[in-house]
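**Q** Handing you this structure, nothing more for now.
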Amino acid sequence: MNTAQMIDRLREEPRIRRNVTAWRTVPARPARHAPFPAGMHPRLREALARKGMANLYTHQAEAIERTLAGEHVCVVTPTASGKTLCYNAPVLNTLLANPNARALYLFPTKALSQDQLNELQGMVAGLEVDIGVYTFDGDTPASARKAIRQAGHIVVTNPDMLHTGILPHHTKWMRLFENLEYIVIDELHHYRGVFGSHLANVIRRLKRICAFYGSKPRFICCSATIRNPKEMAERITEAPVHLVDNNGAPAGERHFLMYNPPVVDRALGIRRSSVQEAAWLANQFLTRGIQSIVFARSRLRVEILTTYLKQAVRKQGKHGDLVRGYRGGYLPTERRAIEKGLRDGEIMTVVSTNALELGIDIGALDVCIMTGYPGNVASSWQQAGRAGRRHGVSLTILVASSAPLDQYMVNHPDYFFGQAPEAATVDPNNLIIVSGHMKCAAFELPFQDGEAFGLDPASTGEVLSYLEEQRILRHVGGKWHWSADAYPAEDVSLRTAAPGNVVILDTSDNGRVIGEVDLFSAPVEVHQNAIYLHQSRQYTIDRLDLPDRKAYARPVDVDYYTDAQIKADIKVIDAFASAPEGAATKLHGEVSVTWLPSIYKKIKFGTHENVGWGEIDLPETTMHTAAYWLEFPMDTAQTLGLQQQDLAGALSGLANALRHTAPVHVMCDPRDIRAFSMLRSPFSDLPSVFLYETYPGGVGASTKLYEHHGALVEAAMALAQDCPCDAGCPSCTGPVLETGAHGKSGALGLARMALDGAGRVTEPA
């Protein structure tokens with residue numbers, strides 16, 4: 001059965017139809033072509049013609065022409081639209097004319113670097129010229145590194161390796177920096193939040209070293225569709241950028257379904273598990289030989305779904321390896337084998353986190369199933385783009401969970417389909433981030449008096465003076481020199497709030513490494529007695545050694561998995577801005593958050609019942625970060641007609657609704673923002689609701705929430721009002737057991753107070 005026939009079958013399937021809240025069809029799109037730009041080298045044109053490219057797509061022609069004219073360029077088109085040629089063509093064109101030229105390619109992951117390297121080497125082979133193309137990352141042998149530094153015309157790497165392995169050793173890379181013509185930044189949309197803020201500072205250091213060696217490279221950025229690609233590219237490169245978004249690539253017909261699992265308990269607002277529904281749907285395609293990708297929101301869900309689907313395929317008498325999981329934490333060789341299996345058709349279903357949202361070549365799949373809303377419109381379309389050929393029909397199904405954000409989207413399909421992708425947020429001048437990179441920059445080259453590093457010269461000087469007080473720098477002869485013994489880049493992690501990863505060791509197999517997890521997530525995912533899942537295999541964690549960055553595991557066979565709970569406390573350090581909103585006040589500022597993993601739940605496979613719990617014995621962690629919050633008057637309970645004890649539940653209900661709708665207005669992962677409510681805040685002694693960022697110093701999300709206050713509160717109200725529950729549930733303001741009988745109505749009253757001041761609660765009839 002092919003995909004088109006399966007779509008017709010789904011239209012007639014009652015179980016599908018009654019749960020579909022929207023079925024949209026995006027018609028096929030024909031290709032639009034343009035001729036090769038006049039400046040393209042004849043040999044390059046001939047090589048492309050031999051590959052069947054008599055002309056270019058419109059966006060390719062524009063990007064190549066603008067780049068060859070000396071402009072910085074940002075190309076924004078959907079998945080599988082041929083963006084790679086937009087940077088490969090001008091780079092190879094320049095190398096054909098000037099064999100001494102150099103280019104640096106940055107990809108967010110090593111997997112993507114390896115994938116793009118293969119395509120680039122194929123193009124170079126077609127040119128029949130001596131152009132050295134090499135990857136330089138943590139897997140590059142020491143014996144090859146010297147040759148790459150000398151002979152690498154195109155060096156393919158990632159921001160982490162540029163940060164720790166190239167910039168601090170720039171004297172060994174003189175040939176690259178003296179002749180650097182191009183810097184390619186692919187998957188630009190991936191660099192939002194803390195990762196993007198770090199990358200912007202790495203680029204500042206890179207440009208500083210290029211200036212020292214007398215080069216001035218051009219930037220070529222590529223991105224999936226986001227609302228502010230030009231702004232994003234200019235924030236990261238700090239240079240004017242020409243936007244290319246005139247997509248000329250063809251696309252086949254695409255069907256997009258919004259699927260809401262049936263309600264199993266209306267009073268509590270509980271629906272059938274999205275994981276179970278996604279597994280059932282994926283199995284429909286698996287049994288009919290239709291290749292599909294299933295996205296899940298977390299590593300844990302990937303492993304649960306992989307377990308369910310492997311069990312299903314084995315019941316059919318087929319090999320379990322037709323289904324594979326794919327996520328961060330798998331070893332590189334394992335991920336490469338999975339990618340090859342998908343391209344070759346040996347794997348029929350892959351279950352992945354957003355690791356496969358990026359443009360890694362996994363062939364052309366037919367179906368995409370999203371287990372839960374990915375968190376933003378941009379990621380939703382990026383994941384949907386992994387299914388579908390340029391000619392032919394594809395299908396995407398978004399299976400909503402009971403989470404409030406999922407329910408908001410699946411019950412407001414017109415909002416989703418009519419909404420432009422969100423704006424990506426980066427804050428390169430986050431003080432913690434910028435000061436860390438100033439240490440790295442000073443190690444690389446001394447700072448001159450009056451030099452600016454992102455900040456203005458005066459502010460840069462203040463940070464340098466502080467570093468001198470800490471005996472990290474030394475000011476001599478109008479320059480700031482590095483004077484500490486430590487190697488600063490090793491202490492600055494680009495991707496997490498804490499440096500380094502925790503490796504997971506199988507004690508039953510001579511300490512074999514089976515995976516890894518970032519240090520920030522380790523207390524939640526690999527605490528003592530946690531069940532760690534890897535390719536559906538279960539391990540119990542016997543010991544977590546945070547100082548040594550190791551978790552010791554052994555295989556077990558149990559019928560449950562674990563889910564950790566976190567307790568938090570919050571203190572306001574400083575309010576940067578405040579303004580009245582209705583009867584409330586909105587604020588933005590710096591807070592101190594203390595959090596502690598307290599207990600874990602044991603959740604049974606299949607039924608997802610809670611079958612037990614245990615305590616987590618780990619030290620608490622304190623973090624300074626940015627927050628947006630609301631303060632309500634002292635007499636709020638009387639205004640709403642509530643008892644004082646009911647106000648706490650109403651505040652908690654509003655916090656839940658705001659947290660779950662916040663990613664609609666800020667392009668971030670829902671886990672990047674947490675909520676906290678207080679009946680009496682120690683800062684103001686007033687009832688308060690906080691939304692705080694989960695990264696030290698914040699990366700700009702709370703500022704945007706402050707600016708979008710009205711739209712944010714209205715979305716939270718719509719979420720609660722449209723929910724069919726009576727008094728609150730996990731899909732809107734939170735379970736009644738947590739927020740009380742007046743949690744939902746009280747939250748709506750608070751929301752009205754924060755908009756127009758009229759907040760009295762009207763109880764449902």
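In the structure tokens, each chain is lettered A, B, ... as it comes, each chain's residues begin at 1, and ligands are numbered from 1 in order of appearance.
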Any chance you could list, as an MDAnalysis selection string, the residues in stretch 150-372 of chain A that come up alpha helix (DSSP H) when DSSP is run on the backbone?

**A** chainID A and resid 150:151 159:161 174:178 193:213 229:237 274:286 299:315 332:344

**Q** Near A:Thr306, within 12 Å and counting only C-alpha atoms, which residues show up once chain neighbours fewer than 6 positions away are dropped, as a PDB file with N, CA and C atoms, in the first residue's frame?

**A**
ATOM      1  N   VAL A 275       1.431   8.996  23.821  1.00  0.00           N
ATOM      2  CA  VAL A 275       2.455   8.005  23.482  1.00  0.00           C
ATOM      3  C   VAL A 275       1.792   6.731  22.956  1.00  0.00           C
ATOM      4  N   GLN A 276       0.737   6.285  23.616  1.00  0.00           N
ATOM      5  CA  GLN A 276       0.044   5.073  23.170  1.00  0.00           C
ATOM      6  C   GLN A 276      -0.642   5.291  21.822  1.00  0.00           C
ATOM      7  N   ALA A 278       0.247   7.513  19.496  1.00  0.00           N
ATOM      8  CA  ALA A 278       1.283   7.628  18.466  1.00  0.00           C
ATOM      9  C   ALA A 278       1.824   6.251  18.099  1.00  0.00           C
ATOM     10  N   ALA A 279       1.995   5.381  19.100  1.00  0.00           N
ATOM     11  CA  ALA A 279       2.477   4.025  18.829  1.00  0.00           C
ATOM     12  C   ALA A 279       1.468   3.259  17.969  1.00  0.00           C
ATOM     13  N   TRP A 280       0.171   3.401  18.274  1.00  0.00           N
ATOM     14  CA  TRP A 280      -0.865   2.726  17.486  1.00  0.00           C
ATOM     15  C   TRP A 280      -0.868   3.232  16.047  1.00  0.00           C
ATOM     16  N   ALA A 282       1.647   4.741  14.412  1.00  0.00           N
ATOM     17  CA  ALA A 282       2.891   4.354  13.741  1.00  0.00           C
ATOM     18  C   ALA A 282       2.836   2.894  13.311  1.00  0.00           C
ATOM     19  N   ASN A 283       2.189   2.062  14.117  1.00  0.00           N
ATOM     20  CA  ASN A 283       2.092   0.650  13.782  1.00  0.00           C
ATOM     21  C   ASN A 283       1.232   0.410  12.539  1.00  0.00           C
ATOM     22  N   ILE A 293       8.744   8.483  10.341  1.00  0.00           N
ATOM     23  CA  ILE A 293       9.533   9.001  11.455  1.00  0.00           C
ATOM     24  C   ILE A 293       8.562   9.453  12.531  1.00  0.00           C
ATOM     25  N   VAL A 294       8.844   9.077  13.775  1.00  0.00           N
ATOM     26  CA  VAL A 294       8.019   9.466  14.921  1.00  0.00           C
ATOM     27  C   VAL A 294       8.870  10.352  15.820  1.00  0.00           C
ATOM     28  N   PHE A 295       8.434  11.591  16.022  1.00  0.00           N
ATOM     29  CA  PHE A 295       9.152  12.502  16.907  1.00  0.00           C
ATOM     30  C   PHE A 295       8.540  12.450  18.303  1.00  0.00           C
ATOM     31  N   ALA A 296       9.389  12.484  19.321  1.00  0.00           N
ATOM     32  CA  ALA A 296       8.938  12.528  20.707  1.00  0.00           C
ATOM     33  C   ALA A 296       9.628  13.685  21.412  1.00  0.00           C
ATOM     34  N   ARG A 299      13.901  12.270  25.641  1.00  0.00           N
ATOM     35  CA  ARG A 299      14.639  11.015  25.487  1.00  0.00           C
ATOM     36  C   ARG A 299      13.840   9.851  26.055  1.00  0.00           C
ATOM     37  N   LEU A 300      13.171  10.100  27.186  1.00  0.00           N
ATOM     38  CA  LEU A 300      12.401   9.034  27.823  1.00  0.00           C
ATOM     39  C   LEU A 300      11.274   8.568  26.912  1.00  0.00           C
ATOM     40  N   ALA A 312       5.510  -4.572  19.016  1.00  0.00           N
ATOM     41  CA  ALA A 312       4.470  -4.760  17.998  1.00  0.00           C
ATOM     42  C   ALA A 312       5.025  -5.470  16.768  1.00  0.00           C
ATOM     43  N   VAL A 313       6.216  -5.071  16.327  1.00  0.00           N
ATOM     44  CA  VAL A 313       6.774  -5.664  15.102  1.00  0.00           C
ATOM     45  C   VAL A 313       7.202  -7.113  15.348  1.00  0.00           C
ATOM     46  N   GLY A 320      13.023  -7.012  15.169  1.00  0.00           N
ATOM     47  CA  GLY A 320      12.858  -5.779  15.949  1.00  0.00           C
ATOM     48  C   GLY A 320      13.649  -4.606  15.419  1.00  0.00           C
ATOM     49  N   ASP A 321      14.714  -4.868  14.639  1.00  0.00           N
ATOM     50  CA  ASP A 321      15.550  -3.780  14.134  1.00  0.00           C
ATOM     51  C   ASP A 321      14.891  -2.997  13.006  1.00  0.00           C
ATOM     52  N   LEU A 322      13.680  -3.381  12.582  1.00  0.00           N
ATOM     53  CA  LEU A 322      12.916  -2.533  11.656  1.00  0.00           C
ATOM     54  C   LEU A 322      12.553  -1.214  12.325  1.00  0.00           C
ATOM     55  N   VAL A 323      12.581  -1.216  13.654  1.00  0.00           N
ATOM     56  CA  VAL A 323      12.294  -0.016  14.450  1.00  0.00           C
ATOM     57  C   VAL A 323      13.544   0.352  15.232  1.00  0.00           C
ATOM     58  N   ARG A 324      13.955   1.609  15.158  1.00  0.00           N
ATOM     59  CA  ARG A 324      15.116   2.063  15.926  1.00  0.00           C
ATOM     60  C   ARG A 324      14.811   3.403  16.574  1.00  0.00           C
ATOM     61  N   GLY A 325      15.405   3.602  17.750  1.00  0.00           N
ATOM     62  CA  GLY A 325      15.354   4.908  18.388  1.00  0.00           C
ATOM     63  C   GLY A 325      16.551   5.740  17.956  1.00  0.00           C
ATOM     64  N   TYR A 326      16.455   7.058  18.117  1.00  0.00           N
ATOM     65  CA  TYR A 326      17.549   7.967  17.731  1.00  0.00           C
ATOM     66  C   TYR A 326      17.445   9.201  18.619  1.00  0.00           C
ATOM     67  N   ARG A 327      18.514   9.481  19.360  1.00  0.00           N
ATOM     68  CA  ARG A 327      18.500  10.646  20.247  1.00  0.00           C
ATOM     69  C   ARG A 327      19.910  10.991  20.670  1.00  0.00           C
ATOM     70  N   THR A 349      10.800   2.355  10.634  1.00  0.00           N
ATOM     71  CA  THR A 349      10.310   3.393  11.551  1.00  0.00           C
ATOM     72  C   THR A 349      11.436   3.825  12.464  1.00  0.00           C
ATOM     73  N   VAL A 350      11.683   5.133  12.534  1.00  0.00           N
ATOM     74  CA  VAL A 350      12.662   5.674  13.470  1.00  0.00           C
ATOM     75  C   VAL A 350      11.921   6.571  14.451  1.00  0.00           C
ATOM     76  N   VAL A 351      12.229   6.417  15.728  1.00  0.00           N
ATOM     77  CA  VAL A 351      11.641   7.245  16.784  1.00  0.00           C
ATOM     78  C   VAL A 351      12.732   8.171  17.291  1.00  0.00           C
ATOM     79  N   SER A 352      12.520   9.477  17.208  1.00  0.00           N
ATOM     80  CA  SER A 352      13.612  10.426  17.448  1.00  0.00           C
ATOM     81  C   SER A 352      13.166  11.605  18.299  1.00  0.00           C
ATOM     82  N   THR A 353      14.111  12.158  19.023  1.00  0.00           N
ATOM     83  CA  THR A 353      13.931  13.502  19.571  1.00  0.00           C
ATOM     84  C   THR A 353      14.123  14.479  18.417  1.00  0.00           C
ATOM     85  N   LEU A 533      16.692   4.269  29.993  1.00  0.00           N
ATOM     86  CA  LEU A 533      16.315   3.467  28.834  1.00  0.00           C
ATOM     87  C   LEU A 533      17.228   3.796  27.661  1.00  0.00           C
ATOM     88  N   HIS A 534      17.691   2.751  26.964  1.00  0.00           N
ATOM     89  CA  HIS A 534      18.573   2.940  25.809  1.00  0.00           C
ATOM     90  C   HIS A 534      18.216   1.884  24.770  1.00  0.00           C
ATOM     91  N   GLN A 535      17.653   2.321  23.617  1.00  0.00           N
ATOM     92  CA  GLN A 535      17.185   1.417  22.565  1.00  0.00           C
ATOM     93  C   GLN A 535      16.253   0.353  23.151  1.00  0.00           C
ATOM     94  N   SER A 536      15.343   0.808  24.015  1.00  0.00           N
ATOM     95  CA  SER A 536      14.318  -0.006  24.682  1.00  0.00           C
ATOM     96  C   SER A 536      14.889  -0.944  25.748  1.00  0.00           C
ATOM     97  N   ARG A 537      16.224  -0.967  25.929  1.00  0.00           N
ATOM     98  CA  ARG A 537      16.822  -1.758  27.013  1.00  0.00           C
ATOM     99  C   ARG A 537      16.791  -0.938  28.303  1.00  0.00           C
TER     100      ARG A 537
END

**Q** Which value, in Å to one decimal, gives the distance between atom CA of A:Glu46 and atom CA of A:Gly122?

**A**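 Going from atom CA of A:Glu46 over to atom CA of A:Gly122, I get 14.3 Å.
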
**Q** Find, counting only C-alpha atoms, the residue in A:His242, A:Arg29, A:Lys230, A:Lys744 that gets nearest to A:Thr67.

**A** A:His242

**Q** Mind the document's chain letters and residue numbers, and return as a PDB file with N, CA and C atoms, in the first residue's frame the residues of stretch 348-398 of chain A that DSSP labels strand (DSSP E).

**A**
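As written to disk, selection.pdb reads:
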ATOM      1  N   THR A 349      10.800   2.355  10.634  1.00  0.00           N
ATOM      2  CA  THR A 349      10.310   3.393  11.551  1.00  0.00           C
ATOM      3  C   THR A 349      11.436   3.825  12.464  1.00  0.00           C
ATOM      4  N   VAL A 350      11.683   5.133  12.534  1.00  0.00           N
ATOM      5  CA  VAL A 350      12.662   5.674  13.470  1.00  0.00           C
ATOM      6  C   VAL A 350      11.921   6.571  14.451  1.00  0.00           C
ATOM      7  N   VAL A 351      12.229   6.417  15.728  1.00  0.00           N
ATOM      8  CA  VAL A 351      11.641   7.245  16.784  1.00  0.00           C
ATOM      9  C   VAL A 351      12.732   8.171  17.291  1.00  0.00           C
ATOM     10  N   SER A 352      12.520   9.477  17.208  1.00  0.00           N
ATOM     11  CA  SER A 352      13.612  10.426  17.448  1.00  0.00           C
ATOM     12  C   SER A 352      13.166  11.605  18.299  1.00  0.00           C
ATOM     13  N   VAL A 367       5.911   9.449   6.030  1.00  0.00           N
ATOM     14  CA  VAL A 367       4.999   9.863   7.104  1.00  0.00           C
ATOM     15  C   VAL A 367       5.797  10.411   8.271  1.00  0.00           C
ATOM     16  N   CYS A 368       5.274  11.478   8.866  1.00  0.00           N
ATOM     17  CA  CYS A 368       5.835  12.043  10.104  1.00  0.00           C
ATOM     18  C   CYS A 368       4.742  12.078  11.156  1.00  0.00           C
ATOM     19  N   ILE A 369       5.040  11.507  12.318  1.00  0.00           N
ATOM     20  CA  ILE A 369       4.110  11.555  13.458  1.00  0.00           C
ATOM     21  C   ILE A 369       4.794  12.308  14.587  1.00  0.00           C
ATOM     22  N   MET A 370       4.157  13.350  15.080  1.00  0.00           N
ATOM     23  CA  MET A 370       4.705  14.117  16.202  1.00  0.00           C
ATOM     24  C   MET A 370       3.954  13.737  17.471  1.00  0.00           C
ATOM     25  N   THR A 371       4.667  13.214  18.447  1.00  0.00           N
ATOM     26  CA  THR A 371       4.059  12.829  19.724  1.00  0.00           C
ATOM     27  C   THR A 371       4.087  14.045  20.637  1.00  0.00           C
ATOM     28  N   SER A 394       2.723  13.126   0.971  1.00  0.00           N
ATOM     29  CA  SER A 394       3.251  12.849   2.307  1.00  0.00           C
ATOM     30  C   SER A 394       2.197  13.182   3.351  1.00  0.00           C
ATOM     31  N   LEU A 395       2.404  12.668   4.539  1.00  0.00           N
ATOM     32  CA  LEU A 395       1.428  12.820   5.622  1.00  0.00           C
ATOM     33  C   LEU A 395       2.134  13.187   6.914  1.00  0.00           C
ATOM     34  N   THR A 396       1.575  14.158   7.627  1.00  0.00           N
ATOM     35  CA  THR A 396       2.062  14.525   8.959  1.00  0.00           C
ATOM     36  C   THR A 396       0.890  14.471   9.929  1.00  0.00           C
ATOM     37  N   ILE A 397       1.076  13.835  11.076  1.00  0.00           N
ATOM     38  CA  ILE A 397       0.035  13.763  12.103  1.00  0.00           C
ATOM     39  C   ILE A 397       0.607  14.305  13.404  1.00  0.00           C
ATOM     40  N   LEU A 398      -0.016  15.346  13.931  1.00  0.00           N
ATOM     41  CA  LEU A 398       0.352  15.886  15.237  1.00  0.00           C
ATOM     42  C   LEU A 398      -0.585  15.285  16.277  1.00  0.00           C
TER      43      LEU A 398
END

**Q** Write out, as a tab-separated table, each residue of stretch 14-55 of chain A that has an atom at most 6 Å from stretch 251-256 of chain A, together with the closest pair of atoms and their distance in Å to one decimal, counting only C-alpha atoms, rows going by chain and rising number.

**A**
residue	atom	partner	partner_atom	distance
A:Trp23	CA	A:Phe256	CA	5.8
A:Arg24	CA	A:Phe256	CA	5.2
A:Thr25	CA	A:His255	CA	4.5
A:Val26	CA	A:Arg254	CA	5.0
A:Pro27	CA	A:Glu253	CA	4.8
A:Ala28	CA	A:Glu253	CA	4.2
A:Arg29	CA	A:Ala251	CA	5.0

**Q** Atom CA of A:Leu106 and atom CA of A:Arg175, how far apart in Å?

**A**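 Computing it gives 18.1 Å between the two atoms.
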
**Q** Using only C-alpha atoms for the distances, tell me which of A:Gly698, A:Gly165, A:Pro687, A:Gly641 is nearest to A:Val593.

**A**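 For A:Val593, the nearest of the candidates is A:Gly698.
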
**Q** Tell me which protein, DNA and RNA residues are within 10 Å of stretch 617-628 of chain A, counting only C-alpha atoms, leaving out same-chain ones fewer than 4 positions away, and put them as a count of residues only.

**A** 57
